[in-house]
Structures are given as structure tokens and as C-alpha cells.
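Have a look at start.cif; it's mmCIF, C-alpha atoms:
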```cif
data_work
loop_
_atom_site.group_PDB
_atom_site.id
_atom_site.type_symbol
_atom_site.label_atom_id
_atom_site.label_comp_id
_atom_site.auth_asym_id
_atom_site.auth_seq_id
_atom_site.Cartn_x
_atom_site.Cartn_y
_atom_site.Cartn_z
ATOM 1 C CA ASP S 129 -69.869 72.304 47.012
ATOM 2 C CA SER S 130 -72.187 73.981 44.490
ATOM 3 C CA THR S 131 -70.585 72.093 41.574
ATOM 4 C CA ARG S 132 -73.211 71.332 38.942
ATOM 5 C CA LEU S 133 -73.095 67.725 37.711
ATOM 6 C CA SER S 134 -74.457 66.366 34.443
ATOM 7 C CA PHE S 135 -77.448 64.262 35.493
ATOM 8 C CA ASP S 136 -80.844 65.101 34.043
ATOM 9 C CA SER S 137 -82.302 61.692 33.247
ATOM 10 C CA LEU S 138 -82.400 58.068 34.374
ATOM 11 C CA LEU S 139 -83.961 55.435 32.126
ATOM 12 C CA LEU S 140 -84.735 51.970 33.536
ATOM 13 C CA LYS S 141 -86.153 49.054 31.560
ATOM 14 C CA SER S 142 -87.124 45.702 33.032
ATOM 15 C CA TYR S 143 -88.673 42.707 31.293
ATOM 16 C CA SER S 144 -88.564 38.901 31.316
ATOM 17 C CA THR S 145 -88.402 36.172 28.683
ATOM 18 C CA ASP S 146 -89.256 32.792 30.238
ATOM 19 C CA VAL S 147 -86.982 32.565 33.325
ATOM 20 C CA VAL S 148 -84.467 35.104 32.017
ATOM 21 C CA LYS S 149 -84.708 38.632 33.410
ATOM 22 C CA HIS S 150 -83.408 41.719 31.635
ATOM 23 C CA LEU S 151 -82.645 44.967 33.424
ATOM 24 C CA THR S 152 -81.060 47.928 31.614
ATOM 25 C CA PHE S 153 -80.249 51.411 32.889
ATOM 26 C CA GLU S 154 -78.944 54.561 31.252
ATOM 27 C CA THR S 155 -78.047 58.047 32.482
ATOM 28 C CA ASN S 156 -76.094 60.902 30.942
ATOM 29 C CA GLU S 157 -72.766 59.373 31.929
ATOM 30 C CA LEU S 158 -73.437 55.694 32.690
ATOM 31 C CA GLU S 159 -75.147 52.720 31.085
ATOM 32 C CA GLY S 160 -75.348 49.014 31.774
ATOM 33 C CA ASN S 161 -77.424 45.873 32.006
ATOM 34 C CA LEU S 162 -78.105 42.687 33.972
ATOM 35 C CA THR S 163 -79.259 39.520 32.206
ATOM 36 C CA GLY S 164 -80.118 36.129 33.679
ATOM 37 C CA GLU S 165 -81.628 34.682 36.835
ATOM 38 C CA PHE S 166 -81.292 37.081 39.745
ATOM 39 C CA ASN S 167 -83.030 38.535 42.763
ATOM 40 C CA ILE S 168 -82.141 42.210 42.667
ATOM 41 C CA VAL S 169 -82.361 42.565 46.461
ATOM 42 C CA GLN S 170 -79.768 39.787 46.864
ATOM 43 C CA LEU S 171 -77.277 41.061 44.273
ATOM 44 C CA PRO S 172 -74.807 42.413 46.885
ATOM 45 C CA ASP S 173 -74.951 39.083 48.745
ATOM 46 C CA ALA S 174 -74.184 37.184 45.536
ATOM 47 C CA PHE S 175 -70.863 39.027 45.227
ATOM 48 C CA SER S 176 -70.167 38.784 48.977
ATOM 49 C CA VAL S 177 -70.511 34.989 48.918
ATOM 50 C CA PHE S 178 -67.413 34.820 46.704
ATOM 51 C CA LEU S 179 -65.422 37.775 48.055
ATOM 52 C CA ASN S 180 -65.751 36.508 51.627
ATOM 53 C CA ARG S 181 -63.900 33.347 50.547
ATOM 54 C CA TYR S 182 -60.982 35.412 49.275
ATOM 55 C CA TYR S 183 -60.821 38.293 51.771
ATOM 56 C CA PRO S 184 -62.811 37.442 54.924
ATOM 57 C CA ALA S 185 -60.939 40.140 56.869
ATOM 58 C CA TYR S 186 -62.490 42.759 54.572
ATOM 59 C CA ILE S 187 -65.721 41.202 53.280
ATOM 60 C CA LYS S 188 -68.196 39.762 55.775
ATOM 61 C CA LYS S 189 -70.230 36.657 55.006
ATOM 62 C CA PRO S 190 -73.856 37.423 54.041
ATOM 63 C CA LYS S 191 -76.243 37.167 56.973
ATOM 64 C CA SER S 192 -78.797 35.278 54.918
ATOM 65 C CA ASN S 193 -78.202 31.616 54.066
ATOM 66 C CA ASN S 194 -81.160 31.556 51.653
ATOM 67 C CA ILE S 195 -79.589 33.219 48.648
ATOM 68 C CA SER S 196 -81.403 32.330 45.458
ATOM 69 C CA ASN S 197 -79.721 30.580 42.549
ATOM 70 C CA GLU S 198 -78.094 33.702 41.125
ATOM 71 C CA ASN S 199 -76.907 33.141 37.542
ATOM 72 C CA PHE S 200 -76.474 36.365 35.620
ATOM 73 C CA SER S 201 -74.130 38.430 33.476
ATOM 74 C CA PHE S 202 -73.552 42.167 33.799
ATOM 75 C CA TYR S 203 -72.129 45.018 31.751
ATOM 76 C CA VAL S 204 -71.309 48.617 32.724
ATOM 77 C CA LYS S 205 -69.946 51.393 30.509
ATOM 78 C CA THR S 206 -69.022 54.861 31.760
ATOM 79 C CA LYS S 207 -68.924 58.118 29.848
ATOM 80 C CA THR S 208 -67.677 61.266 31.593
ATOM 81 C CA VAL S 209 -67.856 60.213 35.260
ATOM 82 C CA ASP S 210 -64.751 61.971 36.601
ATOM 83 C CA GLU S 211 -66.719 64.441 38.737
ATOM 84 C CA PHE S 212 -68.998 61.699 40.087
ATOM 85 C CA VAL S 213 -66.011 59.540 41.082
ATOM 86 C CA GLN S 214 -64.664 62.389 43.209
ATOM 87 C CA LEU S 215 -67.824 62.167 45.336
ATOM 88 C CA LEU S 216 -66.409 58.854 46.642
ATOM 89 C CA ASP S 217 -62.913 60.226 47.335
ATOM 90 C CA LYS S 218 -61.544 63.629 46.346
ATOM 91 C CA ARG S 219 -58.154 62.016 45.642
ATOM 92 C CA LEU S 220 -59.754 59.799 42.985
ATOM 93 C CA LYS S 221 -60.167 60.975 39.372
ATOM 94 C CA GLY S 222 -60.784 59.533 35.930
ATOM 95 C CA PHE S 223 -62.631 56.308 34.987
ATOM 96 C CA ASN S 224 -64.071 58.009 31.885
ATOM 97 C CA ASP S 225 -64.965 55.663 28.988
ATOM 98 C CA ALA S 226 -64.320 52.545 31.092
ATOM 99 C CA GLU S 227 -66.018 49.169 30.565
ATOM 100 C CA PHE S 228 -66.700 46.345 33.017
ATOM 101 C CA ARG S 229 -68.366 43.004 32.291
ATOM 102 C CA GLY S 230 -68.649 39.606 33.919
ATOM 103 C CA ASN S 231 -70.920 36.935 35.327
ATOM 104 C CA ILE S 232 -71.841 35.078 38.500
ATOM 105 C CA ASN S 233 -73.151 31.514 38.625
ATOM 106 C CA LEU S 234 -73.672 30.270 42.176
ATOM 107 C CA ALA S 235 -74.640 26.739 41.111
ATOM 108 C CA LYS S 236 -71.352 26.321 39.218
ATOM 109 C CA ASN S 237 -69.289 28.381 41.706
ATOM 110 C CA GLU S 238 -68.188 30.836 39.006
ATOM 111 C CA LEU S 239 -67.206 34.485 39.276
ATOM 112 C CA ASN S 240 -65.697 36.242 36.248
ATOM 113 C CA VAL S 241 -64.951 39.945 35.913
ATOM 114 C CA SER S 242 -63.083 41.848 33.208
ATOM 115 C CA GLY S 243 -62.487 45.560 32.868
ATOM 116 C CA SER S 244 -60.828 48.170 30.707
ATOM 117 C CA ILE S 245 -59.976 51.592 32.186
ATOM 118 C CA PRO S 246 -58.277 54.121 29.886
ATOM 119 C CA TYR S 247 -57.186 56.395 32.754
ATOM 120 C CA PHE S 248 -57.566 57.008 36.454
ATOM 121 C CA GLU S 249 -55.684 58.882 39.131
ATOM 122 C CA TYR S 250 -55.374 58.425 42.867
ATOM 123 C CA ASP S 251 -53.562 60.897 45.105
ATOM 124 C CA LYS S 252 -51.706 62.366 42.068
ATOM 125 C CA LYS S 253 -50.492 58.918 40.948
ATOM 126 C CA THR S 254 -51.745 58.161 37.437
ATOM 127 C CA PHE S 255 -52.625 54.847 35.778
ATOM 128 C CA ASN S 256 -53.146 54.523 32.016
ATOM 129 C CA ASN S 257 -54.664 51.732 29.909
ATOM 130 C CA VAL S 258 -55.478 49.348 32.745
ATOM 131 C CA VAL S 259 -56.850 45.929 31.726
ATOM 132 C CA LEU S 260 -58.291 43.528 34.329
ATOM 133 C CA GLU S 261 -59.107 39.815 34.007
ATOM 134 C CA SER S 262 -60.367 37.993 37.096
ATOM 135 C CA HIS S 263 -61.658 34.409 37.491
ATOM 136 C CA GLY S 264 -62.836 32.867 40.736
ATOM 137 C CA ASN S 265 -64.547 29.867 42.296
ATOM 138 C CA PHE S 266 -65.490 29.055 45.902
ATOM 139 C CA ASP S 267 -61.823 28.514 46.750
ATOM 140 C CA THR S 268 -59.488 30.878 44.859
ATOM 141 C CA LEU S 269 -59.593 34.127 42.913
ATOM 142 C CA THR S 270 -57.002 34.625 40.159
ATOM 143 C CA THR S 271 -56.554 38.177 38.894
ATOM 144 C CA LYS S 272 -54.329 39.476 36.124
ATOM 145 C CA ILE S 273 -53.838 43.219 35.680
ATOM 146 C CA THR S 274 -51.781 44.921 32.980
ATOM 147 C CA THR S 275 -51.122 48.646 32.686
ATOM 148 C CA GLY S 276 -49.768 50.746 29.850
ATOM 149 C CA ASP S 277 -48.139 53.295 32.150
ATOM 150 C CA ILE S 278 -47.975 54.126 35.853
ATOM 151 C CA ALA S 279 -46.603 57.523 36.911
ATOM 152 C CA LEU S 280 -45.725 57.934 40.592
ATOM 153 C CA ASN S 281 -44.214 61.380 40.013
ATOM 154 C CA ASP S 282 -42.681 63.440 37.198
ATOM 155 C CA SER S 283 -39.474 61.391 37.249
ATOM 156 C CA LEU S 284 -40.659 57.855 37.999
ATOM 157 C CA HIS S 285 -42.738 56.092 35.306
ATOM 158 C CA PHE S 286 -43.462 52.397 34.760
ATOM 159 C CA PRO S 287 -44.469 52.060 31.094
ATOM 160 C CA ARG S 288 -45.483 48.394 31.326
ATOM 161 C CA THR S 289 -46.534 46.495 34.438
ATOM 162 C CA ASP S 290 -47.998 42.988 34.763
ATOM 163 C CA LEU S 291 -49.571 41.985 38.071
ATOM 164 C CA LEU S 292 -50.720 38.422 38.884
ATOM 165 C CA ILE S 293 -52.599 37.728 42.140
ATOM 166 C CA LYS S 294 -53.987 34.452 43.509
ATOM 167 C CA SER S 295 -56.112 34.932 46.625
ATOM 168 C CA HIS S 296 -57.631 32.509 49.143
ATOM 169 C CA ASN S 297 -58.767 33.079 52.723
ATOM 170 C CA ASP S 298 -56.886 36.402 53.218
ATOM 171 C CA VAL S 299 -53.617 35.068 51.743
ATOM 172 C CA SER S 300 -52.527 36.209 48.279
ATOM 173 C CA THR S 301 -49.483 35.268 46.255
ATOM 174 C CA VAL S 302 -48.420 38.301 44.241
ATOM 175 C CA GLN S 303 -46.088 38.557 41.257
ATOM 176 C CA ILE S 304 -45.270 41.953 39.746
ATOM 177 C CA LYS S 305 -43.185 42.386 36.609
ATOM 178 C CA THR S 306 -42.409 45.882 35.434
ATOM 179 C CA SER S 307 -39.908 48.101 33.672
ATOM 180 C CA ALA S 308 -39.360 51.817 33.738
ATOM 181 C CA SER S 309 -36.985 54.361 32.274
ATOM 182 C CA LYS S 310 -33.471 53.744 31.055
ATOM 183 C CA THR S 311 -32.434 53.790 34.702
ATOM 184 C CA LEU S 312 -34.732 50.995 35.938
ATOM 185 C CA ASN S 313 -34.388 48.338 33.250
ATOM 186 C CA GLU S 314 -36.480 45.571 34.800
ATOM 187 C CA ALA S 315 -38.052 44.474 38.072
ATOM 188 C CA GLU S 316 -39.747 41.327 39.372
ATOM 189 C CA LEU S 317 -41.319 41.248 42.814
ATOM 190 C CA ASN S 318 -42.662 38.039 44.404
ATOM 191 C CA ALA S 319 -44.427 38.071 47.741
ATOM 192 C CA THR S 320 -47.142 36.583 49.896
ATOM 193 C CA VAL S 321 -49.621 39.174 51.145
ATOM 194 C CA THR S 322 -51.796 38.469 54.184
ATOM 195 C CA THR S 323 -54.867 40.680 54.483
ATOM 196 C CA LEU S 324 -55.414 41.970 58.016
ATOM 197 C CA SER S 325 -58.507 43.721 59.346
ATOM 198 C CA ASP S 326 -56.486 46.940 59.691
ATOM 199 C CA GLY S 327 -53.785 46.544 57.036
ATOM 200 C CA VAL S 328 -51.566 44.000 55.269
ATOM 201 C CA ARG S 329 -48.521 41.844 55.987
ATOM 202 C CA ILE S 330 -46.090 41.294 53.077
ATOM 203 C CA HIS S 331 -43.657 38.357 53.180
ATOM 204 C CA PHE S 332 -41.093 38.598 50.393
ATOM 205 C CA SER S 333 -39.920 35.710 48.228
ATOM 206 C CA PRO S 334 -36.713 35.972 46.160
ATOM 207 C CA SER S 335 -37.117 38.997 43.873
ATOM 208 C CA SER S 336 -34.899 41.228 41.785
ATOM 209 C CA PHE S 337 -34.643 44.452 39.828
ATOM 210 C CA ILE S 338 -32.073 45.809 37.378
ATOM 211 C CA ILE S 339 -30.856 49.399 37.640
ATOM 212 C CA ASN S 340 -28.286 50.677 35.132
ATOM 213 C CA ASP S 341 -27.554 47.060 34.093
ATOM 214 C CA LYS S 342 -26.813 46.097 37.722
ATOM 215 C CA LYS S 343 -28.990 43.336 39.151
ATOM 216 C CA TRP S 344 -30.166 43.798 42.734
ATOM 217 C CA GLU S 345 -31.461 40.790 44.681
ATOM 218 C CA LEU S 346 -34.170 40.992 47.335
ATOM 219 C CA GLU S 347 -33.412 38.302 49.880
ATOM 220 C CA LYS S 348 -36.244 35.967 50.887
ATOM 221 C CA ASP S 349 -38.073 36.031 54.209
ATOM 222 C CA GLY S 350 -37.994 39.796 54.665
ATOM 223 C CA GLU S 351 -41.339 40.964 56.023
ATOM 224 C CA LEU S 352 -43.232 44.252 55.980
ATOM 225 C CA THR S 353 -46.414 44.914 57.995
ATOM 226 C CA ILE S 354 -48.420 48.026 57.161
ATOM 227 C CA ARG S 355 -51.117 49.134 59.577
ATOM 228 C CA LYS S 356 -51.592 52.500 61.237
ATOM 229 C CA SER S 357 -47.853 52.174 61.780
ATOM 230 C CA ILE S 358 -45.313 50.169 59.807
ATOM 231 C CA GLU S 359 -43.081 47.265 60.831
ATOM 232 C CA ALA S 360 -40.186 45.948 58.734
ATOM 233 C CA SER S 361 -38.073 42.883 59.483
ATOM 234 C CA GLU S 362 -34.713 42.870 57.662
ATOM 235 C CA VAL S 363 -35.896 43.588 54.137
ATOM 236 C CA LYS S 364 -32.489 43.451 52.425
ATOM 237 C CA PHE S 365 -31.429 44.353 48.875
ATOM 238 C CA ILE S 366 -27.925 43.325 47.699
ATOM 239 C CA GLN S 367 -25.859 44.128 44.591
ATOM 240 C CA GLY S 368 -22.199 43.148 44.925
ATOM 241 C CA GLU S 369 -20.823 45.262 47.780
ATOM 242 C CA GLN S 370 -23.878 47.504 47.761
ATOM 243 C CA GLU S 371 -26.562 46.873 50.391
ATOM 244 C CA ILE S 372 -29.842 48.491 51.376
ATOM 245 C CA THR S 373 -31.592 47.115 54.468
ATOM 246 C CA ILE S 374 -35.049 48.320 55.510
ATOM 247 C CA ALA S 375 -36.140 47.998 59.139
ATOM 248 C CA THR S 376 -38.196 49.852 61.748
ATOM 249 C CA GLU S 377 -37.499 51.253 65.172
ATOM 250 C CA GLU S 378 -39.493 52.968 67.889
ATOM 251 C CA ALA S 379 -39.557 56.739 67.682
ATOM 252 C CA GLN S 380 -37.601 58.579 70.362
ATOM 253 C CA ASP S 381 -40.107 61.423 70.663
ATOM 254 C CA GLY S 382 -42.214 59.934 73.452
ATOM 255 C CA THR S 383 -45.009 58.843 71.080
ATOM 256 C CA ASP S 384 -46.146 55.423 69.854
ATOM 257 C CA ASN S 385 -44.940 56.233 66.338
ATOM 258 C CA THR S 386 -42.607 53.895 64.453
ATOM 259 C CA ASN S 387 -39.774 55.164 62.267
ATOM 260 C CA LEU S 388 -38.823 53.527 58.987
ATOM 261 C CA VAL S 389 -35.052 53.094 58.742
ATOM 262 C CA ALA S 390 -32.839 52.387 55.720
ATOM 263 C CA HIS S 391 -29.248 51.264 56.302
ATOM 264 C CA LEU S 392 -27.122 52.026 53.228
ATOM 265 C CA LYS S 393 -23.724 50.492 52.433
ATOM 266 C CA LYS S 394 -21.609 51.716 49.486
ATOM 267 C CA VAL S 395 -24.718 52.604 47.460
ATOM 268 C CA ASN S 396 -23.992 54.227 44.091
ATOM 269 C CA ILE S 397 -26.173 57.309 44.354
ATOM 270 C CA SER S 398 -26.059 58.039 40.616
ATOM 271 C CA ASP S 399 -28.012 54.812 39.969
ATOM 272 C CA PHE S 400 -30.957 55.825 42.153
ATOM 273 C CA ALA S 401 -31.105 59.621 42.042
ATOM 274 C CA PRO S 402 -32.582 59.788 38.486
ATOM 275 C CA LEU S 403 -35.603 57.781 39.706
ATOM 276 C CA PHE S 404 -36.619 60.680 41.933
ATOM 277 C CA LEU S 405 -35.064 63.827 40.485
ATOM 278 C CA ASN S 406 -33.378 64.792 37.235
ATOM 279 C CA LYS S 407 -31.554 67.869 38.494
ATOM 280 C CA PRO S 408 -29.155 68.412 40.112
ATOM 281 C CA ARG S 409 -27.113 65.424 38.952
ATOM 282 C CA LEU S 410 -25.701 63.510 41.909
ATOM 283 C CA GLU S 411 -22.750 61.089 41.860
ATOM 284 C CA GLY S 412 -20.682 59.166 44.386
ATOM 285 C CA GLN S 413 -21.208 56.480 47.020
ATOM 286 C CA ILE S 414 -23.292 56.801 50.138
ATOM 287 C CA THR S 415 -23.017 54.812 53.377
ATOM 288 C CA GLY S 416 -25.148 55.608 56.375
ATOM 289 C CA LYS S 417 -28.566 55.530 57.946
ATOM 290 C CA VAL S 418 -31.731 57.246 56.730
ATOM 291 C CA THR S 419 -34.638 57.589 59.172
ATOM 292 C CA LEU S 420 -38.159 58.430 57.987
ATOM 293 C CA SER S 421 -40.375 59.463 60.887
ATOM 294 C CA ASP S 422 -44.168 59.497 60.796
ATOM 295 C CA PRO S 423 -44.299 57.861 57.319
ATOM 296 C CA PHE S 424 -48.141 57.836 57.186
ATOM 297 C CA GLY S 425 -48.648 61.257 58.713
ATOM 298 C CA LYS S 426 -46.289 64.122 57.967
ATOM 299 C CA PRO S 427 -43.143 62.300 56.763
ATOM 300 C CA PHE S 428 -39.823 63.819 57.832
#
```
Translate the structure of the given file into C-alpha cells.
Amino acid sequence: DSTRLSFDSLLLKSYSTDVVKHLTFETNELEGNLTGEFNIVQLPDAFSVFLNRYYPAYIKKPKSNNISNENFSFYVKTKTVDEFVQLLDKRLKGFNDAEFRGNINLAKNELNVSGSIPYFEYDKKTFNNVVLESHGNFDTLTTKITTGDIALNDSLHFPRTDLLIKSHNDVSTVQIKTSASKTLNEAELNATVTTLSDGVRIHFSPSSFIINDKKWELEKDGELTIRKSIEASEVKFIQGEQEITIATEEAQDGTDNTNLVAHLKKVNISDFAPLFLNKPRLEGQITGKVTLSDPFGKPF
């Protein structure tokens, strides 16, 4: 769209010392290197060998069975890449001054990746000071992610979030610990996530969150399936006499759409309203049914 990008040079260097290869590259806004034993044509396959073990629904197994003994380390550092990132997805921004490093060793079944991202944004949701540590073998990938702050909107911030994921053959156990403003004191979410070819299925384990010093429990065995439509099976939150139950129902508009439904019982609205809006101040109890139609299209 006639936007001028900063890219006037690309410097590549390649040399070998004994069996060790060295490849470095540098542009205006990106630099990095590869060091070790590698066949550059087979680099994508080297990553796919591992990722297919963790997420076969997403990552296909390499067609070639004759992958060389890849054993290399890599390093990538960005400068001002915000405008380049938007070429991938216009909703994506940031990734300036980020660093990624790691290594692959096929003989020892090792995959290690670490990353540091000062800031990025997706669809107006911002993520600050993201740190990634990931370690995998031919069976399981363990990933730990910490963030300094996540902002979903002007009112809802999560200043510290820890995410732990263990993945194997499209099934991931997920643990999220976070806190937010004075309203949301603490939250811990435990679930098993099954990766589907067209979405995910989330099966909840006992979880909890604390709002205004009141502890809400998420009952086990609730299930949420997110595809082109959404399916929820009795996802229930309880705090004393207060209850919130999430389910789905077929839309009554003659389409194949599914509505997301929340059944509320004696919910203290003043506990939740500050998470979404600061003014006007709302108080009282609410009991009833909230229906969200077309949640992935034009929500109403």
C-alpha cells in the first residue's frame, strides 16, 4: 500500500571450520546466525520433526525420511520490525528489539528455544515483557511463558501472568496463574487442551479466581470446544450462593449458528463491572440469562 519500508541492504556470510558451519545474516532491522551441523535446505524439516510430535493436527510430518544429523544453535535479534510484522497480519504489531535463541540436536532428541519480547500487540490486545522458555524431546514439549502485563482493554489488565504448558500428541496440560487490578486479586486456571485440525477442545480441571476477596471455584469436567462455532458443556463457576454457568444452544434464526449462553444466579454485579467499565458505577444482584449470538462474527 505504497508504505516505504526500511530495507536497503542484506549481508550474508557463510564459512566452515572443520565440520562446523557458520551462517550469519544482517539487514537494517534484523540480524542472526546459525552455527553447527546443518543442511540449510532441511532446516524447516528439522523443526517439523519435533513439532509434529507435539501438534500433529497442525504440523505435518516431513515427507522426507532422510533428514541429516541436524545439530545446530540459532540466534535472532530484531530492531524496528513493527511494519514488517504487519505484512503477516495487519492485526499484529510490535516485536521490536526482541531476541530468540535455541538449538536442535536430532541425535540427542533435543529442542530448546528461549525468547524475550519487550512488546507486541494482536487485535488491540497488548502484551509487555514476554519471556519464553521451551524444552522438548521426541515425546513432550514443556513451555513456560511469563508476561509483565497483558491489557485486554482499557479496564482489564493482568500485570503478572505465568503460563505453563506440557504438550504431547495434540494434548496439552495448561496451568495459568495471574493477577490483575484490585478487583481481580488472583486467578489459577487448570485445563487439558486438545488441538483439533479446525480449533481446540478445553476440558477444565478444578480452578479458581478471587474477586474482591471472594473466591470463585470452577467445577471440574466442564468442557469448551472452539471451532468455527463454539460448544460449551456446563462450565460452572460457584461462590457461595452466586453461580455463573456457561453453555451453548442452537440459534433460533434459521441458521447453523450457535449462541453462547450464561445463566446467572444472585451475581453481585459490583464485583464484575469494574473489570469491563469504570463508569457508570453499577451495584446490586443480577439473576437471569445472557445470550451472545454470533460470538465469532458480529457478536450481539
Original post:
Got a sec to resolve the PyMOL selection byres ((chain S and resi 293) around 7) on this structure and send the residues as JSON, numbers by chain?
Top reply: {"S": [270, 271, 272, 291, 292, 294, 295, 300, 301, 302, 303]}
Subject >> Thr306 in chain S surroundings by all atoms listed in the file, 10 Å radius, close-in-sequence under 4 positions cut, as a PyMOL selection string >> reply: chain S and resi 274-275+277-278+286-291+312-317+337
Output the selection as a PDB file, in the coordinates of the input - C-alpha atoms for each residue.
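Output file out.pdb follows:
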```
ATOM      1  CA  THR S 274     -51.781  44.921  32.980  1.00  0.00           C
ATOM      2  CA  THR S 275     -51.122  48.646  32.686  1.00  0.00           C
ATOM      3  CA  ASP S 277     -48.139  53.295  32.150  1.00  0.00           C
ATOM      4  CA  ILE S 278     -47.975  54.126  35.853  1.00  0.00           C
ATOM      5  CA  PHE S 286     -43.462  52.397  34.760  1.00  0.00           C
ATOM      6  CA  PRO S 287     -44.469  52.060  31.094  1.00  0.00           C
ATOM      7  CA  ARG S 288     -45.483  48.394  31.326  1.00  0.00           C
ATOM      8  CA  THR S 289     -46.534  46.495  34.438  1.00  0.00           C
ATOM      9  CA  ASP S 290     -47.998  42.988  34.763  1.00  0.00           C
ATOM     10  CA  LEU S 291     -49.571  41.985  38.071  1.00  0.00           C
ATOM     11  CA  LEU S 312     -34.732  50.995  35.938  1.00  0.00           C
ATOM     12  CA  ASN S 313     -34.388  48.338  33.250  1.00  0.00           C
ATOM     13  CA  GLU S 314     -36.480  45.571  34.800  1.00  0.00           C
ATOM     14  CA  ALA S 315     -38.052  44.474  38.072  1.00  0.00           C
ATOM     15  CA  GLU S 316     -39.747  41.327  39.372  1.00  0.00           C
ATOM     16  CA  LEU S 317     -41.319  41.248  42.814  1.00  0.00           C
ATOM     17  CA  PHE S 337     -34.643  44.452  39.828  1.00  0.00           C
TER      18      PHE S 337
END
```
Original post:
Residues at most 7 Å from range 361-363 of chain S, counting only C-alpha atoms, excluding those fewer than 3 positions away in the same chain, as an MDAnalysis selection string?
Top reply: chainID S and resid 350:352 373:375
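Proximity ranking of S:Leu420, S:Ala319, S:Leu139, S:Leu260 relative to Gly230 in chain S places S:Leu260 first, based on all atoms listed in the file.
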**OP:** Any chance you could resolve the PyMOL selection byres ((chain S and resi 159) around 10) against this file and give the residues as an NGL selection string?
**Re:** :S and (138-140 or 152-158 or 160-161 or 203-207 or 227)
Could you name the residues that touch Ser244 in chain S at 6 Å or less, counting only C-alpha atoms, but leaving out those on the same chain fewer than 6 positions away, as a CSV table (one decimal) with C-alpha atoms, keeping the file's coordinate frame?
```
chain,number,residue,atom,x,y,z
S,226,ALA,CA,-64.3,52.5,31.1
S,227,GLU,CA,-66.0,49.2,30.6
S,258,VAL,CA,-55.5,49.3,32.7
S,259,VAL,CA,-56.8,45.9,31.7
```
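Here CA of Leu171 in chain S and CA of Glu198 in chain S stand 8.0 Å from one another.
Proximity ranking of S:Ser134, S:Glu369, S:Asn256, S:Asn199 relative to Gly222 in chain S places S:Asn256 first, based on all atoms listed in the file.
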At most 7 Å is the cut-off: for each residue in range 143-226 of chain S with any atom that close to an atom of range 264-269 of chain S, write down the nearest atom pair and the distance in Å rounded to one decimal, counting only C-alpha atoms, chain first then increasing number, as a Markdown table.
```
| residue | atom | partner | partner_atom | distance |
| --- | --- | --- | --- | --- |
| S:Phe178 | CA | S:Phe266 | CA | 6.1 |
| S:Arg181 | CA | S:Asp267 | CA | 6.5 |
| S:Tyr182 | CA | S:Thr268 | CA | 6.5 |
```
Subject >> Expansion of the PyMOL selection byres ((chain S and resi 149) around 8) into residues, as a ChimeraX atom specification >> reply: /S:142-145,147-148,150-151,162-166
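One distance worth recording is that between CA of Gly327 in chain S and CA of Arg355 in chain S, which is 4.5 Å.
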If I wrap all listed atoms of range 133-149 of chain S in a box with edges along x, y and z and add 8 Å on each side, what are its centre and edge lengths in Å to one decimal, as JSON?
```
{"center_x": -81.2, "center_y": 50.1, "center_z": 33.2, "size_x": 32.2, "size_y": 51.2, "size_z": 25.0}
```
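Of the residues under consideration (S:Lys426, S:Lys348, S:Arg229, S:Lys221), S:Arg229 shows the shortest atom-to-atom contact distance to Phe200 in chain S when counting all atoms listed in the file.
For the atom pair formed by CA of His263 in chain S and CA of Glu238 in chain S, the distance is 7.6 Å, given to one decimal.
Between Val321 in chain S and the residues S:Val299, S:Ile372, S:Ala401, S:Ile358, the shortest atom-to-atom distance, using all atoms listed in the file, involves S:Val299.
For the residues S:Leu234, S:Gln380, S:Leu410, S:Asn281, ranking by smallest atom-to-atom distance to Asp251 in chain S using only C-alpha atoms places S:Asn281 first.
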Sel. within 10 Å of pt (-21.0, 57.2, 54.4), counting only C-alpha atoms, output as an mmCIF file with C-alpha atoms, in the coordinates of the input:
```cif
data_model
loop_
_atom_site.group_PDB
_atom_site.id
_atom_site.type_symbol
_atom_site.label_atom_id
_atom_site.label_comp_id
_atom_site.auth_asym_id
_atom_site.auth_seq_id
_atom_site.Cartn_x
_atom_site.Cartn_y
_atom_site.Cartn_z
ATOM 1 C CA LEU S 392 -27.122 52.026 53.228
ATOM 2 C CA LYS S 393 -23.724 50.492 52.433
ATOM 3 C CA LYS S 394 -21.609 51.716 49.486
ATOM 4 C CA VAL S 395 -24.718 52.604 47.460
ATOM 5 C CA GLN S 413 -21.208 56.480 47.020
ATOM 6 C CA ILE S 414 -23.292 56.801 50.138
ATOM 7 C CA THR S 415 -23.017 54.812 53.377
ATOM 8 C CA GLY S 416 -25.148 55.608 56.375
ATOM 9 C CA LYS S 417 -28.566 55.530 57.946
#
```
